[in-house]
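Source file: input_9.cif (mmCIF, C-alpha atoms)
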data_run
#
loop_
_atom_site.label_atom_id
_atom_site.label_comp_id
_atom_site.auth_asym_id
_atom_site.auth_seq_id
_atom_site.Cartn_x
_atom_site.Cartn_y
_atom_site.Cartn_z
CA MET V 1118 -146.06 115.04 -9.39
CA GLU V 1119 -146.54 118.69 -8.31
CA ALA V 1120 -142.81 119.39 -8.64
CA GLU V 1121 -142.79 117.82 -12.10
CA GLY V 1122 -145.76 119.99 -13.06
CA GLU V 1123 -143.82 123.11 -12.10
CA GLU V 1124 -140.87 121.90 -14.18
CA ILE V 1125 -143.14 121.36 -17.20
CA ARG V 1126 -144.66 124.83 -16.81
CA ALA V 1127 -141.18 126.37 -16.78
CA LEU V 1128 -140.09 124.29 -19.81
CA LEU V 1129 -143.14 125.32 -21.86
CA ALA V 1130 -143.43 128.94 -20.74
CA GLY V 1131 -144.79 131.11 -23.54
CA GLU V 1132 -145.94 128.20 -25.72
CA ASN V 1133 -149.63 127.86 -26.67
CA VAL V 1134 -149.91 124.23 -25.56
CA VAL V 1135 -151.83 121.94 -23.19
CA VAL V 1136 -150.25 118.96 -21.41
CA PHE V 1137 -152.05 115.89 -20.02
CA ALA V 1138 -150.87 112.89 -18.06
CA SER V 1139 -151.83 109.73 -19.91
CA SER V 1140 -154.95 108.02 -18.54
CA GLY V 1141 -153.51 104.59 -19.32
CA SER V 1142 -154.17 101.76 -16.91
CA GLY V 1143 -150.63 100.69 -16.19
CA GLY V 1144 -147.03 101.86 -15.90
CA VAL V 1145 -145.62 105.29 -15.20
CA PRO V 1146 -147.83 108.11 -16.57
CA LYS V 1147 -146.50 109.94 -19.62
CA TRP V 1148 -146.98 113.63 -20.21
CA ILE V 1149 -148.60 114.26 -23.60
CA LEU V 1150 -148.31 117.68 -25.24
CA PHE V 1151 -150.93 119.19 -27.57
CA ARG V 1152 -151.03 122.35 -29.60
CA ARG V 1153 -154.27 124.24 -28.95
CA ASP V 1154 -155.40 123.80 -32.57
CA ALA V 1155 -155.27 120.00 -32.28
CA LEU V 1156 -157.72 120.01 -29.38
CA LEU V 1157 -160.09 122.26 -31.32
CA VAL V 1158 -159.91 119.98 -34.38
CA SER V 1159 -161.02 117.08 -32.19
CA ALA V 1160 -163.79 119.12 -30.56
CA GLN V 1161 -165.15 120.26 -33.92
CA ALA V 1162 -165.10 116.72 -35.34
CA VAL V 1163 -166.99 115.32 -32.36
CA ASN V 1164 -169.47 118.19 -32.59
CA ARG V 1165 -170.13 117.34 -36.24
CA HIS V 1166 -170.61 113.67 -35.40
CA LEU V 1167 -173.08 114.47 -32.61
CA ARG V 1168 -174.65 117.40 -34.49
CA VAL V 1169 -173.95 119.81 -31.64
CA THR V 1170 -175.37 123.33 -31.92
CA GLY V 1171 -175.42 126.43 -29.77
CA ASP V 1172 -178.74 125.25 -28.30
CA ASP V 1173 -177.15 122.19 -26.69
CA ARG V 1174 -176.13 121.96 -23.04
CA TRP V 1175 -173.24 119.75 -21.92
CA MET V 1176 -172.88 118.22 -18.46
CA LEU V 1177 -169.27 117.84 -17.30
CA ALA V 1178 -169.01 114.81 -14.99
CA LEU V 1179 -165.37 113.87 -15.74
CA PRO V 1180 -162.18 115.42 -14.34
CA ILE V 1181 -160.95 118.26 -16.50
CA PHE V 1182 -157.30 117.27 -15.96
CA HIS V 1183 -157.95 114.28 -18.24
CA VAL V 1184 -158.56 114.67 -21.94
CA GLY V 1185 -162.06 113.19 -21.61
CA GLY V 1186 -163.23 115.99 -19.34
CA PHE V 1187 -161.26 118.68 -21.12
CA GLY V 1188 -162.82 117.54 -24.39
CA VAL V 1189 -166.33 118.32 -23.09
CA VAL V 1190 -165.29 121.90 -22.35
CA ALA V 1191 -163.55 122.20 -25.74
CA ARG V 1192 -166.70 120.99 -27.54
CA ALA V 1193 -168.88 123.47 -25.69
CA TYR V 1194 -166.42 126.25 -26.55
CA ALA V 1195 -166.28 125.24 -30.23
CA ALA V 1196 -170.09 125.12 -30.52
CA ASP V 1197 -170.66 128.20 -28.34
CA CYS V 1198 -173.04 126.28 -26.09
CA ARG V 1199 -173.41 125.99 -22.34
CA VAL V 1200 -171.60 123.52 -20.10
CA HIS V 1201 -172.41 122.78 -16.45
CA CYS V 1202 -169.82 121.23 -14.13
CA LEU V 1203 -171.00 118.54 -11.72
CA ALA V 1204 -168.90 119.54 -8.72
CA GLY V 1205 -167.78 117.18 -5.97
CA ARG V 1206 -167.54 113.40 -5.95
CA TRP V 1207 -169.49 111.38 -8.47
CA ASP V 1208 -173.00 110.48 -7.38
CA ALA V 1209 -175.44 108.90 -9.84
CA MET V 1210 -178.60 110.32 -8.28
CA ARG V 1211 -177.15 113.83 -8.09
CA PHE V 1212 -176.02 113.54 -11.71
CA GLY V 1213 -179.54 112.64 -12.81
CA ASN V 1214 -181.06 115.48 -10.81
CA GLU V 1215 -178.58 118.01 -12.23
CA VAL V 1216 -179.14 116.83 -15.80
CA GLU V 1217 -182.87 117.37 -15.34
CA ARG V 1218 -182.47 120.71 -13.57
CA GLN V 1219 -180.06 122.08 -16.19
CA GLY V 1220 -181.96 120.74 -19.21
CA THR V 1221 -178.77 118.94 -20.27
CA THR V 1222 -178.77 117.50 -23.78
CA LEU V 1223 -175.28 115.94 -23.96
CA ALA V 1224 -172.89 114.26 -21.54
CA SER V 1225 -169.78 112.10 -21.52
CA LEU V 1226 -169.33 109.27 -19.00
CA VAL V 1227 -167.14 106.25 -18.31
CA PRO V 1228 -168.53 102.69 -17.95
CA THR V 1229 -168.37 102.76 -14.15
CA GLN V 1230 -170.69 105.76 -14.10
CA VAL V 1231 -173.15 104.08 -16.47
CA HIS V 1232 -173.11 101.00 -14.24
CA ASP V 1233 -174.05 103.22 -11.28
CA LEU V 1234 -176.97 104.75 -13.18
CA VAL V 1235 -178.27 101.27 -13.98
CA ALA V 1236 -177.70 100.00 -10.43
CA CYS V 1237 -179.85 102.88 -9.13
CA GLY V 1238 -182.57 102.10 -11.65
CA LEU V 1239 -182.42 105.78 -12.55
CA ARG V 1240 -184.46 106.84 -15.58
CA ALA V 1241 -182.91 109.35 -17.96
CA PRO V 1242 -184.28 112.91 -18.06
CA GLU V 1243 -186.11 113.62 -21.32
CA SER V 1244 -183.79 116.48 -22.26
CA LEU V 1245 -180.84 114.14 -22.97
CA ARG V 1246 -180.24 113.23 -26.60
CA ALA V 1247 -176.79 111.53 -26.36
CA VAL V 1248 -174.39 110.23 -23.71
CA VAL V 1249 -170.96 109.30 -25.04
CA VAL V 1250 -169.28 106.48 -23.09
CA GLY V 1251 -165.50 106.31 -23.25
CA GLY V 1252 -162.41 105.32 -21.32
CA ALA V 1253 -163.19 101.60 -21.72
CA ARG V 1254 -165.63 99.27 -23.43
CA LEU V 1255 -169.07 99.13 -21.81
CA ASP V 1256 -170.41 95.60 -21.52
CA GLU V 1257 -173.45 95.14 -23.71
CA VAL V 1258 -175.76 93.91 -20.89
CA THR V 1259 -175.19 97.15 -18.96
CA GLY V 1260 -175.47 99.20 -22.14
CA GLU V 1261 -178.80 97.66 -23.05
CA SER V 1262 -180.05 98.08 -19.47
CA ALA V 1263 -179.13 101.76 -19.63
CA ARG V 1264 -180.95 102.10 -22.95
CA ALA V 1265 -184.03 100.47 -21.36
CA LEU V 1266 -183.95 103.21 -18.72
CA GLY V 1267 -183.91 105.85 -21.45
CA TRP V 1268 -180.18 106.70 -21.37
CA PRO V 1269 -179.09 107.43 -24.98
CA ILE V 1270 -175.76 105.62 -24.64
CA LEU V 1271 -173.20 105.82 -27.48
CA GLN V 1272 -170.03 103.75 -27.13
CA SER V 1273 -166.81 105.46 -28.18
CA TYR V 1274 -163.17 104.48 -28.58
CA GLY V 1275 -160.39 106.97 -28.08
CA MET V 1276 -157.12 107.73 -26.38
CA THR V 1277 -155.28 110.63 -24.83
CA GLU V 1278 -152.88 110.92 -27.77
CA ALA V 1279 -155.83 111.44 -30.14
CA ALA V 1280 -157.31 114.27 -28.05
CA SER V 1281 -160.37 112.14 -27.24
CA GLN V 1282 -162.48 110.17 -29.71
CA VAL V 1283 -161.28 108.10 -32.65
CA ALA V 1284 -164.52 106.18 -33.32
CA THR V 1285 -168.01 106.70 -31.90
CA ALA V 1286 -171.41 105.10 -32.42
CA SER V 1287 -173.76 107.18 -34.56
CA LEU V 1288 -176.89 108.95 -33.38
CA GLU V 1289 -178.85 106.67 -35.72
CA SER V 1290 -177.66 103.66 -33.69
CA LEU V 1291 -179.84 104.83 -30.79
CA LYS V 1292 -182.78 103.31 -32.68
CA GLN V 1293 -181.12 99.88 -32.45
CA GLU V 1294 -179.92 97.63 -29.63
CA PHE V 1295 -176.80 98.84 -27.86
CA CYS V 1296 -173.63 97.48 -29.45
CA ALA V 1297 -170.08 98.23 -28.29
CA ALA V 1298 -168.54 97.38 -31.68
CA PRO V 1299 -167.95 97.97 -34.51
CA LEU V 1300 -167.82 101.77 -34.32
CA PRO V 1301 -167.62 104.27 -37.21
CA ILE V 1302 -164.28 106.06 -37.33
CA LEU V 1303 -164.62 109.85 -37.19
CA LYS V 1304 -163.99 111.45 -40.57
CA MET V 1305 -161.04 113.51 -39.36
CA TRP V 1306 -158.85 110.39 -39.11
CA GLU V 1307 -156.74 108.64 -41.71
CA HIS V 1308 -156.28 105.08 -40.52
CA ARG V 1309 -154.53 101.83 -41.36
CA ILE V 1310 -153.46 98.60 -39.70
CA GLY V 1311 -149.76 98.01 -39.17
CA GLU V 1312 -147.86 94.75 -39.71
CA ASP V 1313 -148.33 94.00 -35.99
CA GLY V 1314 -152.12 94.15 -36.39
CA CYS V 1315 -152.33 97.41 -34.43
CA LEU V 1316 -154.16 100.58 -35.41
CA GLN V 1317 -152.19 103.48 -36.87
CA LEU V 1318 -153.65 107.00 -37.07
CA ARG V 1319 -152.84 110.20 -38.91
CA GLY V 1320 -154.65 113.50 -38.44
CA ASP V 1321 -154.55 117.06 -37.17
CA ALA V 1322 -156.00 116.14 -33.75
CA LEU V 1323 -152.96 114.11 -32.71
CA ALA V 1324 -150.70 115.24 -29.91
CA GLU V 1325 -147.29 116.61 -30.83
CA CYS V 1326 -145.00 114.76 -28.45
CA TYR V 1327 -144.42 112.95 -25.17
CA LEU V 1328 -142.51 114.56 -22.35
CA HIS V 1329 -140.37 112.19 -20.28
CA ARG V 1330 -137.13 112.03 -18.40
CA GLU V 1331 -133.88 110.79 -19.82
CA ASN V 1332 -130.90 110.90 -17.49
CA GLY V 1333 -132.34 113.83 -15.53
CA PRO V 1334 -134.01 116.58 -17.57
CA LEU V 1335 -137.38 116.34 -19.32
CA ILE V 1336 -137.08 115.80 -23.06
CA ARG V 1337 -139.56 115.80 -25.96
CA GLU V 1338 -140.21 112.64 -27.97
CA LEU V 1339 -142.21 113.11 -31.15
CA LEU V 1340 -145.40 111.04 -31.29
CA CYS V 1341 -145.47 110.26 -35.03
CA ASP V 1342 -143.09 108.95 -37.65
CA GLY V 1343 -141.77 111.07 -40.52
CA GLU V 1344 -145.01 110.62 -42.48
CA GLY V 1345 -147.22 111.67 -39.58
CA TRP V 1346 -148.47 108.19 -38.57
CA PHE V 1347 -148.99 107.37 -34.90
CA PRO V 1348 -148.71 103.63 -34.07
CA THR V 1349 -151.08 102.60 -31.26
CA THR V 1350 -150.84 99.39 -29.23
CA ASP V 1351 -154.46 98.41 -29.93
CA ARG V 1352 -155.08 95.38 -32.16
CA VAL V 1353 -158.06 96.08 -34.39
CA GLU V 1354 -160.17 95.04 -37.34
CA ILE V 1355 -161.47 97.67 -39.79
CA GLU V 1356 -164.21 97.10 -42.34
CA ASN V 1357 -165.77 99.94 -44.33
CA ASP V 1358 -164.35 102.53 -41.90
CA ASN V 1359 -165.90 100.69 -38.94
CA LEU V 1360 -163.54 99.77 -36.11
CA THR V 1361 -163.52 96.76 -33.80
CA VAL V 1362 -160.89 96.70 -31.05
CA LEU V 1363 -159.60 93.17 -30.43
CA GLY V 1364 -157.37 93.97 -27.48
CA ARG V 1365 -154.09 95.54 -26.54
CA ALA V 1366 -150.84 94.19 -27.92
CA ASP V 1367 -149.33 94.44 -24.44
CA ARG V 1368 -152.06 92.07 -23.18
CA ARG V 1369 -150.60 89.21 -25.24
CA VAL V 1370 -147.76 87.27 -23.62
CA LYS V 1371 -145.75 84.14 -24.33
CA ILE V 1372 -145.83 81.55 -21.54
CA LEU V 1373 -143.61 78.47 -21.98
CA GLY V 1374 -143.19 79.62 -25.57
CA GLU V 1375 -146.94 79.74 -26.32
CA LEU V 1376 -148.94 82.90 -27.03
CA VAL V 1377 -151.70 83.67 -24.52
CA GLU V 1378 -154.47 86.23 -25.15
CA VAL V 1379 -154.80 87.63 -21.64
CA GLN V 1380 -157.83 89.80 -22.39
CA GLU V 1381 -159.69 86.85 -23.91
CA LEU V 1382 -158.94 84.75 -20.81
CA GLU V 1383 -160.03 87.61 -18.56
CA GLU V 1384 -163.37 87.85 -20.37
CA GLU V 1385 -163.88 84.10 -20.02
CA VAL V 1386 -163.45 84.38 -16.25
CA ARG V 1387 -165.77 87.39 -16.10
CA ALA V 1388 -168.50 85.43 -17.91
CA HIS V 1389 -168.68 83.01 -14.96
CA LEU V 1390 -168.96 85.72 -12.31
CA SER V 1391 -171.91 87.82 -11.15
CA PRO V 1392 -172.57 91.08 -13.07
CA GLU V 1393 -171.27 93.25 -10.22
CA ALA V 1394 -167.94 91.39 -10.05
CA ALA V 1395 -164.75 92.81 -11.57
CA VAL V 1396 -161.64 90.90 -12.63
CA HIS V 1397 -158.13 91.78 -13.72
CA LEU V 1398 -155.42 89.30 -14.72
CA LEU V 1399 -152.13 90.65 -13.48
CA ILE V 1400 -149.23 89.64 -15.73
CA VAL V 1401 -146.30 88.76 -13.46
CA PRO V 1402 -142.77 87.87 -14.71
CA ASP V 1403 -141.70 84.29 -14.01
CA GLU V 1404 -138.15 83.03 -14.40
CA ARG V 1405 -139.15 79.59 -15.68
CA ARG V 1406 -142.46 80.16 -17.50
CA GLY V 1407 -141.77 83.67 -18.80
CA TRP V 1408 -144.97 84.98 -17.23
CA ARG V 1409 -147.69 83.85 -14.84
CA LEU V 1410 -151.26 85.07 -14.63
CA LEU V 1411 -152.61 86.18 -11.26
CA PRO V 1412 -156.39 86.77 -11.12
CA ILE V 1413 -157.47 89.70 -8.92
CA ILE V 1414 -161.23 89.56 -8.37
CA ALA V 1415 -163.55 92.03 -6.61
CA GLN V 1416 -167.06 91.20 -5.42
CA GLY V 1417 -166.80 87.72 -6.90
CA GLY V 1418 -168.47 85.95 -3.99
CA CYS V 1419 -167.23 82.84 -2.22
CA GLY V 1420 -166.89 80.72 -5.38
CA ILE V 1421 -164.02 82.47 -7.12
CA GLU V 1422 -161.56 79.60 -6.63
CA GLU V 1423 -164.08 77.22 -8.21
CA VAL V 1424 -164.48 79.60 -11.18
CA ILE V 1425 -160.72 79.76 -11.77
CA ALA V 1426 -160.50 75.95 -11.46
CA LEU V 1427 -163.35 75.55 -13.97
CA VAL V 1428 -161.69 77.82 -16.55
CA ASN V 1429 -158.26 76.28 -15.94
CA ASP V 1430 -159.63 72.78 -16.57
CA ARG V 1431 -160.61 73.86 -20.10
CA ARG V 1432 -157.22 75.36 -20.86
CA PRO V 1433 -153.81 73.94 -21.75
CA GLY V 1434 -151.28 74.06 -18.95
CA PHE V 1435 -149.34 77.05 -20.25
CA SER V 1436 -152.40 79.36 -20.04
CA ARG V 1437 -153.65 78.29 -16.60
CA MET V 1438 -154.01 80.92 -13.91
CA GLU V 1439 -152.66 81.14 -10.38
CA ARG V 1440 -154.81 80.96 -7.25
CA PRO V 1441 -157.06 84.07 -7.27
CA GLN V 1442 -156.71 87.02 -4.93
CA ALA V 1443 -159.99 88.45 -3.61
CA VAL V 1444 -160.27 92.20 -2.97
CA GLU V 1445 -163.17 94.39 -1.92
CA GLU V 1446 -162.73 96.80 -4.86
CA LEU V 1447 -160.30 97.02 -7.76
CA PRO V 1448 -158.34 100.29 -7.67
CA ARG V 1449 -159.30 102.63 -10.48
CA THR V 1450 -157.95 105.76 -12.10
CA ALA V 1451 -159.87 109.04 -12.12
CA LEU V 1452 -161.51 107.93 -15.38
CA GLY V 1453 -162.66 104.61 -13.94
CA LYS V 1454 -160.04 102.37 -15.57
CA ILE V 1455 -158.54 99.56 -13.53
CA ASP V 1456 -155.27 100.85 -12.09
CA ALA V 1457 -152.88 98.05 -13.00
CA ALA V 1458 -149.91 99.94 -11.52
CA ALA V 1459 -151.56 99.97 -8.08
CA LEU V 1460 -152.37 96.26 -8.36
CA TRP V 1461 -148.79 95.55 -9.35
CA GLU V 1462 -147.52 97.43 -6.32
CA GLU V 1463 -149.71 95.33 -4.01
CA PHE V 1464 -149.59 91.90 -5.66
CA GLY V 1465 -146.74 91.88 -8.17
CA SER V 1466 -144.13 90.41 -5.82
CA ARG V 1467 -146.35 87.60 -4.54
#
Kindly transcribe the structure held in the file into structure tokens.
Amino acid sequence: MEAEGEEIRALLAGENVVVFASSGSGGVPKWILFRRDALLVSAQAVNRHLRVTGDDRWMLALPIFHVGGFGVVARAYAADCRVHCLAGRWDAMRFGNEVERQGTTLASLVPTQVHDLVACGLRAPESLRAVVVGGARLDEVTGESARALGWPILQSYGMTEAASQVATASLESLKQEFCAAPLPILKMWEHRIGEDGCLQLRGDALAECYLHRENGPLIRELLCDGEGWFPTTDRVEIENDNLTVLGRADRRVKILGELVEVQELEEEVRAHLSPEAAVHLLIVPDERRGWRLLPIIAQGGCGIEEVIALVNDRRPGFSRMERPQAVEELPRTALGKIDAAALWEEFGSR
């Protein structure tokens, strides 16, 4: 990765650009190239949505080499307000202490970090007025528990290619129960749903291109079509500019000729497990069936085989899962997403 970074720096020497590795949960990371202006457009739009002023103080608790952490710095720069970096490994108690000590008003976290705050029973410092949660969907039980502890949690939906947020809960929603969807789409985005049911975006905050290898050298692949539309792989519903994400298109597979919604099945398994458990259905190629579904479960207790048997009994044969694999922890990326590539490396050939 370091050698590839040097090659990218040489390729882009003299250009006013920023490059990120995709924070996606599976496959080989892609390099995504932004013009500086695109990142500032995103920062300014988020600032408008959160009503950020020069009096605000951001806390940076995400890695800056991902767009989520970089976005915090860009927002602080655009609003000319202060930002404090939480150095070292993530620690919920230290985060709370630093927020209080710095008089932090705004922060951005991933669901794993919110879970840790709730697990510690940590009450939010009074200075905080909004905490944007991104990287993945926060389950509503944890979100409401965080709200009960005073954490002003706002769910967001975004992606690296969009320079951060696409849709984010409003500040007014803090007066209501926590809800992960639907979310209002930020006004900077034009949006539509493609024939495949997936979200398409157009706007000045989009990245310019991917960088990837083709027969040796790194090449540029434009992100958008000729009309400026970027096709995502997220299946969505949109009503009155409010977005609900239904799942990823690449989490739908045909097994024995029948379509299986893997994410839906995963959520059904999760509903039978304890709140601290985590589950990921690994999609493994199968010569006869097309695919098979291998449940990887962390902290599920001694009854995980019974849970899988219970769910399987309610399902037609084509969508039944394999015998589960128990692990101590699911591997995660720096932004807290389940690292499907690492799971594939360990379990994919079984």
What lies within 7 Å of stretch 1269-1285 of chain V using all atoms listed in the file, ignoring chain neighbours under 5 positions off, as a PyMOL selection string? chain V and resi 1139-1140+1149+1156+1159+1184-1185+1188+1246-1251+1260+1264+1291+1297+1300-1303+1322-1324
I'd like the neighbourhood of V:Leu1447 as a VMD selection string, where a residue qualifies if any of its atoms comes within 9 Å (using all atoms listed in the file), though same-chain residues fewer than 4 positions away should be ignored. chain V and resid 1395 to 1397 1413 to 1415 1455 to 1456 1460
With a distance cut-off of 12 Å and all atoms listed in the file, select the neighbouring residues of V:Arg1168, excluding the residue or stretch itself and same-chain residues fewer than 3 positions from it, and output the selection as a list of chain:residue names. V:Ala1160, V:Gln1161, V:Ala1162, V:Val1163, V:Asn1164, V:Arg1165, V:Gly1171, V:Asp1172, V:Asp1173, V:Arg1192, V:Ala1196, V:Thr1222, V:Leu1223, V:Arg1246, V:Ala1247, V:Ser1287, V:Leu1288, V:Glu1289
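Minimum atom-to-atom distances from V:Glu1132, V:Glu1383, V:Asp1256, V:Glu1378 to V:Leu1398 were compared using all atoms listed in the file, and the lowest value belongs to V:Glu1383.
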Per-axis box centre and lengths in Å around stretch 1215-1226 of chain V, 6 Å margin per side, axis-aligned, as AutoDock Vina command-line options:
--center_x -176.1 --center_y 115.7 --center_z -18.1 --size_x 25.5 --size_y 24.8 --size_z 23.7
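Here atom CA of V:Glu1462 is placed at a distance of 21.6 Å from atom CA of V:Gly1417.
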Neighbour list for V:Phe1464 as JSON, numbers by chain, cut-off 12 Å, all atoms listed in the file, skip fewer than 4 positions in-chain: {"V": [1397, 1398, 1399, 1400, 1401, 1410, 1411, 1412, 1413, 1441, 1442, 1443, 1444, 1457, 1458, 1459, 1460]}
Can you write out the residues you just picked, keeping C-alpha atoms, as a tab-separated table (two decimals), keeping the file's coordinate frame?
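What ended up in selection_36.tsv:
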chain	number	residue	atom	x	y	z
V	1397	HIS	CA	-158.13	91.78	-13.72
V	1398	LEU	CA	-155.42	89.30	-14.72
V	1399	LEU	CA	-152.13	90.65	-13.48
V	1400	ILE	CA	-149.23	89.64	-15.73
V	1401	VAL	CA	-146.30	88.76	-13.46
V	1410	LEU	CA	-151.26	85.07	-14.63
V	1411	LEU	CA	-152.61	86.18	-11.26
V	1412	PRO	CA	-156.39	86.77	-11.12
V	1413	ILE	CA	-157.47	89.70	-8.92
V	1441	PRO	CA	-157.06	84.07	-7.27
V	1442	GLN	CA	-156.71	87.02	-4.93
V	1443	ALA	CA	-159.99	88.45	-3.61
V	1444	VAL	CA	-160.27	92.20	-2.97
V	1457	ALA	CA	-152.88	98.05	-13.00
V	1458	ALA	CA	-149.91	99.94	-11.52
V	1459	ALA	CA	-151.56	99.97	-8.08
V	1460	LEU	CA	-152.37	96.26	-8.36
Nearest residue to V:Tyr1327 from the set V:Lys1454, V:Leu1157, V:Cys1341, V:Glu1123 (distances using all atoms listed in the file): V:Cys1341
Selection result for the PyMOL selection byres ((chain V and resi 1424-1428) around 10) on this file, as a ChimeraX atom specification: /V:1382,1385-1390,1412,1417,1419-1423,1429-1432,1437-1441
Written file, previous selection with C-alpha atoms, as a PDB file, in the coordinates of the input:
ATOM      1  CA  LEU V1382    -158.940  84.750 -20.810  1.00  0.00           C
ATOM      2  CA  GLU V1385    -163.880  84.100 -20.020  1.00  0.00           C
ATOM      3  CA  VAL V1386    -163.450  84.380 -16.250  1.00  0.00           C
ATOM      4  CA  ARG V1387    -165.770  87.390 -16.100  1.00  0.00           C
ATOM      5  CA  ALA V1388    -168.500  85.430 -17.910  1.00  0.00           C
ATOM      6  CA  HIS V1389    -168.680  83.010 -14.960  1.00  0.00           C
ATOM      7  CA  LEU V1390    -168.960  85.720 -12.310  1.00  0.00           C
ATOM      8  CA  PRO V1412    -156.390  86.770 -11.120  1.00  0.00           C
ATOM      9  CA  GLY V1417    -166.800  87.720  -6.900  1.00  0.00           C
ATOM     10  CA  CYS V1419    -167.230  82.840  -2.220  1.00  0.00           C
ATOM     11  CA  GLY V1420    -166.890  80.720  -5.380  1.00  0.00           C
ATOM     12  CA  ILE V1421    -164.020  82.470  -7.120  1.00  0.00           C
ATOM     13  CA  GLU V1422    -161.560  79.600  -6.630  1.00  0.00           C
ATOM     14  CA  GLU V1423    -164.080  77.220  -8.210  1.00  0.00           C
ATOM     15  CA  ASN V1429    -158.260  76.280 -15.940  1.00  0.00           C
ATOM     16  CA  ASP V1430    -159.630  72.780 -16.570  1.00  0.00           C
ATOM     17  CA  ARG V1431    -160.610  73.860 -20.100  1.00  0.00           C
ATOM     18  CA  ARG V1432    -157.220  75.360 -20.860  1.00  0.00           C
ATOM     19  CA  ARG V1437    -153.650  78.290 -16.600  1.00  0.00           C
ATOM     20  CA  MET V1438    -154.010  80.920 -13.910  1.00  0.00           C
ATOM     21  CA  GLU V1439    -152.660  81.140 -10.380  1.00  0.00           C
ATOM     22  CA  ARG V1440    -154.810  80.960  -7.250  1.00  0.00           C
ATOM     23  CA  PRO V1441    -157.060  84.070  -7.270  1.00  0.00           C
TER      24      PRO V1441
END
Kindly add N, CA and C atoms to the incomplete stretch 1312-1325 of chain V and provide the output as a CSV table (one decimal), in the coordinates of the input.
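out_24.csv was written with the following content:
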chain,number,residue,atom,x,y,z
V,1312,GLU,N,-148.2,96.2,-39.6
V,1312,GLU,CA,-147.9,94.8,-39.7
V,1312,GLU,C,-148.1,94.0,-38.4
V,1313,ASP,N,-148.1,94.7,-37.3
V,1313,ASP,CA,-148.3,94.0,-36.0
V,1313,ASP,C,-149.8,93.8,-35.7
V,1314,GLY,N,-150.7,94.3,-36.6
V,1314,GLY,CA,-152.1,94.2,-36.4
V,1314,GLY,C,-152.7,95.3,-35.6
V,1315,CYS,N,-151.9,96.3,-35.3
V,1315,CYS,CA,-152.3,97.4,-34.4
V,1315,CYS,C,-152.7,98.6,-35.3
V,1316,LEU,N,-153.7,99.4,-34.7
V,1316,LEU,CA,-154.2,100.6,-35.4
V,1316,LEU,C,-153.1,101.6,-35.5
V,1317,GLN,N,-153.0,102.3,-36.7
V,1317,GLN,CA,-152.2,103.5,-36.9
V,1317,GLN,C,-153.1,104.6,-37.3
V,1318,LEU,N,-152.8,105.8,-36.8
V,1318,LEU,CA,-153.6,107.0,-37.1
V,1318,LEU,C,-152.8,108.1,-37.6
V,1319,ARG,N,-153.5,108.9,-38.5
V,1319,ARG,CA,-152.8,110.2,-38.9
V,1319,ARG,C,-153.9,111.3,-39.0
V,1320,GLY,N,-153.7,112.4,-38.4
V,1320,GLY,CA,-154.6,113.5,-38.4
V,1320,GLY,C,-154.2,114.7,-37.6
V,1321,ASP,N,-154.9,115.8,-37.8
V,1321,ASP,CA,-154.6,117.1,-37.2
V,1321,ASP,C,-154.9,117.1,-35.7
V,1322,ALA,N,-155.6,116.1,-35.2
V,1322,ALA,CA,-156.0,116.1,-33.8
V,1322,ALA,C,-155.0,115.4,-32.9
V,1323,LEU,N,-154.0,114.8,-33.5
V,1323,LEU,CA,-153.0,114.1,-32.7
V,1323,LEU,C,-152.1,115.0,-31.9
V,1324,ALA,N,-151.6,114.5,-30.7
V,1324,ALA,CA,-150.7,115.2,-29.9
V,1324,ALA,C,-149.4,115.4,-30.7
V,1325,GLU,N,-148.6,116.3,-30.2
V,1325,GLU,CA,-147.3,116.6,-30.8
V,1325,GLU,C,-146.2,115.7,-30.3
